[in-house]
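S.K.: Quick one: the structure is below, and I'll ask about it shortly.
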Amino acid sequence: MTPNLQIELRRFISSNVVSKLNKFYFENDALLIKGIDVSIGTVLMGLYNKAEESGFYKEIVSLIEDNSGFYQEVDFASGRILSVDDCYRIEGNALLKEIFTNKKGRISEMISNEVGIKSETAREILNFSALLVVSYLKNNIQLLDSLKLLLEEQKRDILNSIQPGIKIILGFSCYESVEDKNQNIGRSIFTLFGHNFFSF
């Protein structure tokens, strides 16, 4: 069965994980969850942008060591993160440099602005999310051969979870993939401008 990458990754973000992260950041729980969700989508679209670089997916996964502090704390079978400490601050940064090169700072700042969390929090949960995504792929190494196709198929839903400013930095149109392709143009125009003129 083809996994929905976002759904699979979201199941690791339990209330326990959010509570432990908030010991570091003191954010509103709902905003922290939203920030992580946006960060996961952002990392997935960053990987999508690297699809044409030969061997990139295998290279990025190879950066996660088997003895990585983060990797050892993820129970992939049950979809749980067993412990949360600040190891991801260093481990995640190396991954983000490979995925986003010089855009990492701008992306984390845009997450901060558009989600409504502190800049430091945005930087660190982007590190956390990069580690989660790449660790998941390392544990499901068989997905690498079809990852480009998976991301292409799920691109619309992933982009819908990312705010316009982040999409632009990633190289996508603000309104790209908001609607299903087979919906009529009238509906798309209403969605484009963020209004439904028939609701009262």
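Ordering of the structure tokens sets the chain letters (A, B, ...); residue numbers start at 1 within each chain; ligands are numbered from 1 in the order shown.
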Residues within 10 Å of Glu65 (chain A), please, as a VMD selection string. Count only C-alpha atoms; anything in the same chain fewer than 5 positions from it doesn't count.

M.R.: chain A and resid 70 to 72 91 135 138

S.K.: Quick one: residues within 10 Å of Leu149 (chain A), only C-alpha atoms counted, chain neighbours fewer than 5 positions away excluded, as a ChimeraX atom specification?

M.R.: /A:48,51,143-144,154-155

S.K.: What are the nearest atom pairs, with distances in Å to one decimal, for all residues of region 31-92 of chain A that come at most 7 Å from region 9-25 of chain A, using only C-alpha atoms, set out by chain and rising residue number as JSON lines?

M.R.:
```
{"residue": "A:Gly79", "atom": "CA", "partner": "A:Phe12", "partner_atom": "CA", "distance": 5.2}
{"residue": "A:Arg80", "atom": "CA", "partner": "A:Phe12", "partner_atom": "CA", "distance": 5.1}
{"residue": "A:Ile81", "atom": "CA", "partner": "A:Phe12", "partner_atom": "CA", "distance": 6.2}
{"residue": "A:Val84", "atom": "CA", "partner": "A:Lys20", "partner_atom": "CA", "distance": 6.3}
```

S.K.: Any chance you could list, as JSON, numbers by chain, the residues in region 58-175 of chain A that come up alpha helix (DSSP H) when DSSP is run on the backbone?

M.R.: {"A": [58, 59, 60, 61, 62, 69, 70, 71, 72, 88, 89, 90, 91, 92, 93, 94, 95, 96, 97, 98, 99, 100, 104, 105, 106, 107, 108, 109, 110, 111, 112, 113, 114, 115, 119, 120, 121, 122, 123, 124, 125, 126, 127, 128, 129, 130, 131, 132, 133, 134, 135, 136, 137, 138, 139, 147, 148, 149, 150, 151, 152, 153, 154, 155, 156, 157, 158, 159, 160, 164, 165, 166, 167, 168, 169, 170]}

S.K.: Keeping only C-alpha atoms, write those residues as an mmCIF file, in the first residue's frame.

M.R.:
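The resulting file, again.cif, is shown below:
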```cif
data_model
loop_
_atom_site.group_PDB
_atom_site.id
_atom_site.type_symbol
_atom_site.label_atom_id
_atom_site.label_comp_id
_atom_site.auth_asym_id
_atom_site.auth_seq_id
_atom_site.Cartn_x
_atom_site.Cartn_y
_atom_site.Cartn_z
ATOM 1 C CA LYS A 58 20.280 8.108 -0.835
ATOM 2 C CA GLU A 59 22.866 10.713 0.086
ATOM 3 C CA ILE A 60 20.568 12.597 2.475
ATOM 4 C CA VAL A 61 19.435 9.385 4.184
ATOM 5 C CA SER A 62 23.076 8.324 4.614
ATOM 6 C CA GLY A 69 20.467 10.202 19.194
ATOM 7 C CA PHE A 70 17.242 11.137 17.429
ATOM 8 C CA TYR A 71 17.014 7.996 15.277
ATOM 9 C CA GLN A 72 17.389 5.719 18.286
ATOM 10 C CA TYR A 88 18.030 17.547 16.863
ATOM 11 C CA ARG A 89 19.419 21.086 17.097
ATOM 12 C CA ILE A 90 22.756 19.894 15.684
ATOM 13 C CA GLU A 91 21.702 16.761 13.807
ATOM 14 C CA GLY A 92 18.881 18.438 11.901
ATOM 15 C CA ASN A 93 20.919 21.437 10.832
ATOM 16 C CA ALA A 94 23.193 19.360 8.572
ATOM 17 C CA LEU A 95 20.162 17.920 6.766
ATOM 18 C CA LEU A 96 18.575 21.331 6.227
ATOM 19 C CA LYS A 97 21.765 22.703 4.686
ATOM 20 C CA GLU A 98 21.661 19.904 2.117
ATOM 21 C CA ILE A 99 17.936 20.240 1.380
ATOM 22 C CA PHE A 100 17.601 24.035 1.315
ATOM 23 C CA LYS A 104 17.153 27.694 5.410
ATOM 24 C CA GLY A 105 17.185 30.969 7.354
ATOM 25 C CA ARG A 106 14.528 32.597 5.182
ATOM 26 C CA ILE A 107 12.286 29.545 5.416
ATOM 27 C CA SER A 108 12.449 29.315 9.221
ATOM 28 C CA GLU A 109 11.781 33.053 9.503
ATOM 29 C CA MET A 110 8.749 32.717 7.223
ATOM 30 C CA ILE A 111 7.447 29.811 9.333
ATOM 31 C CA SER A 112 7.816 32.027 12.396
ATOM 32 C CA ASN A 113 5.936 34.898 10.748
ATOM 33 C CA GLU A 114 3.151 32.908 9.134
ATOM 34 C CA VAL A 115 2.464 30.457 11.970
ATOM 35 C CA SER A 119 12.014 32.669 15.472
ATOM 36 C CA GLU A 120 14.022 30.309 17.673
ATOM 37 C CA THR A 121 11.130 27.870 17.862
ATOM 38 C CA ALA A 122 10.682 27.917 14.084
ATOM 39 C CA ARG A 123 14.393 27.198 13.549
ATOM 40 C CA GLU A 124 14.410 24.288 15.952
ATOM 41 C CA ILE A 125 11.176 22.616 14.860
ATOM 42 C CA LEU A 126 12.412 22.811 11.270
ATOM 43 C CA ASN A 127 15.511 20.892 12.451
ATOM 44 C CA PHE A 128 13.245 18.465 14.319
ATOM 45 C CA SER A 129 10.992 17.977 11.278
ATOM 46 C CA ALA A 130 13.916 17.406 8.911
ATOM 47 C CA LEU A 131 15.241 14.693 11.225
ATOM 48 C CA LEU A 132 11.811 13.086 11.505
ATOM 49 C CA VAL A 133 11.246 13.040 7.725
ATOM 50 C CA VAL A 134 14.700 11.728 6.830
ATOM 51 C CA SER A 135 14.716 9.209 9.709
ATOM 52 C CA TYR A 136 11.355 7.901 8.479
ATOM 53 C CA LEU A 137 12.812 7.475 4.984
ATOM 54 C CA LYS A 138 15.905 5.742 6.390
ATOM 55 C CA ASN A 139 13.676 3.291 8.237
ATOM 56 C CA LEU A 147 9.933 8.844 -3.555
ATOM 57 C CA LYS A 148 9.912 11.218 -6.530
ATOM 58 C CA LEU A 149 6.641 9.703 -7.775
ATOM 59 C CA LEU A 150 5.125 9.674 -4.272
ATOM 60 C CA LEU A 151 5.904 13.352 -3.761
ATOM 61 C CA GLU A 152 4.517 14.192 -7.186
ATOM 62 C CA GLU A 153 1.259 12.355 -6.412
ATOM 63 C CA GLN A 154 0.920 13.968 -2.975
ATOM 64 C CA LYS A 155 2.222 17.408 -3.951
ATOM 65 C CA ARG A 156 -1.215 19.089 -3.973
ATOM 66 C CA ASP A 157 -2.087 18.049 -0.407
ATOM 67 C CA ILE A 158 1.393 18.874 0.883
ATOM 68 C CA LEU A 159 1.343 22.338 -0.679
ATOM 69 C CA ASN A 160 -2.093 22.971 0.831
ATOM 70 C CA PRO A 164 1.885 31.221 0.648
ATOM 71 C CA GLY A 165 5.117 32.923 1.725
ATOM 72 C CA ILE A 166 6.834 29.588 2.296
ATOM 73 C CA LYS A 167 5.614 28.277 -1.072
ATOM 74 C CA ILE A 168 7.176 31.271 -2.811
ATOM 75 C CA ILE A 169 10.574 30.703 -1.166
ATOM 76 C CA LEU A 170 10.380 27.051 -2.248
#
```

S.K.: So how far away is CA of Gln163 (chain A) from CA of Ile141 (chain A), in Å?

M.R.: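 Computed distance, CA of Ile141 (chain A) to CA of Gln163 (chain A), equals 29.4 Å.
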
S.K.: Just list as number ranges by chain whatever in region 40-192 of chain A DSSP marks as strand (DSSP E).

M.R.: A: 74-75, 80-81

S.K.: Please, could you write that set of residues out with N, CA and C atoms as a PDB file, in the first residue's frame?

M.R.:
```pdb
ATOM      1  N   VAL A  74      13.200   6.953  18.069  1.00  0.00           N
ATOM      2  CA  VAL A  74      11.946   6.833  17.320  1.00  0.00           C
ATOM      3  C   VAL A  74      11.554   5.364  17.226  1.00  0.00           C
ATOM      4  N   ASP A  75      10.356   5.050  17.705  1.00  0.00           N
ATOM      5  CA  ASP A  75       9.790   3.707  17.566  1.00  0.00           C
ATOM      6  C   ASP A  75       8.911   3.727  16.318  1.00  0.00           C
ATOM      7  N   ARG A  80       5.836   6.238  17.434  1.00  0.00           N
ATOM      8  CA  ARG A  80       6.046   7.066  18.625  1.00  0.00           C
ATOM      9  C   ARG A  80       7.480   7.564  18.688  1.00  0.00           C
ATOM     10  N   ILE A  81       7.645   8.759  19.228  1.00  0.00           N
ATOM     11  CA  ILE A  81       8.973   9.262  19.574  1.00  0.00           C
ATOM     12  C   ILE A  81       9.109   9.091  21.077  1.00  0.00           C
TER      13      ILE A  81
END
```
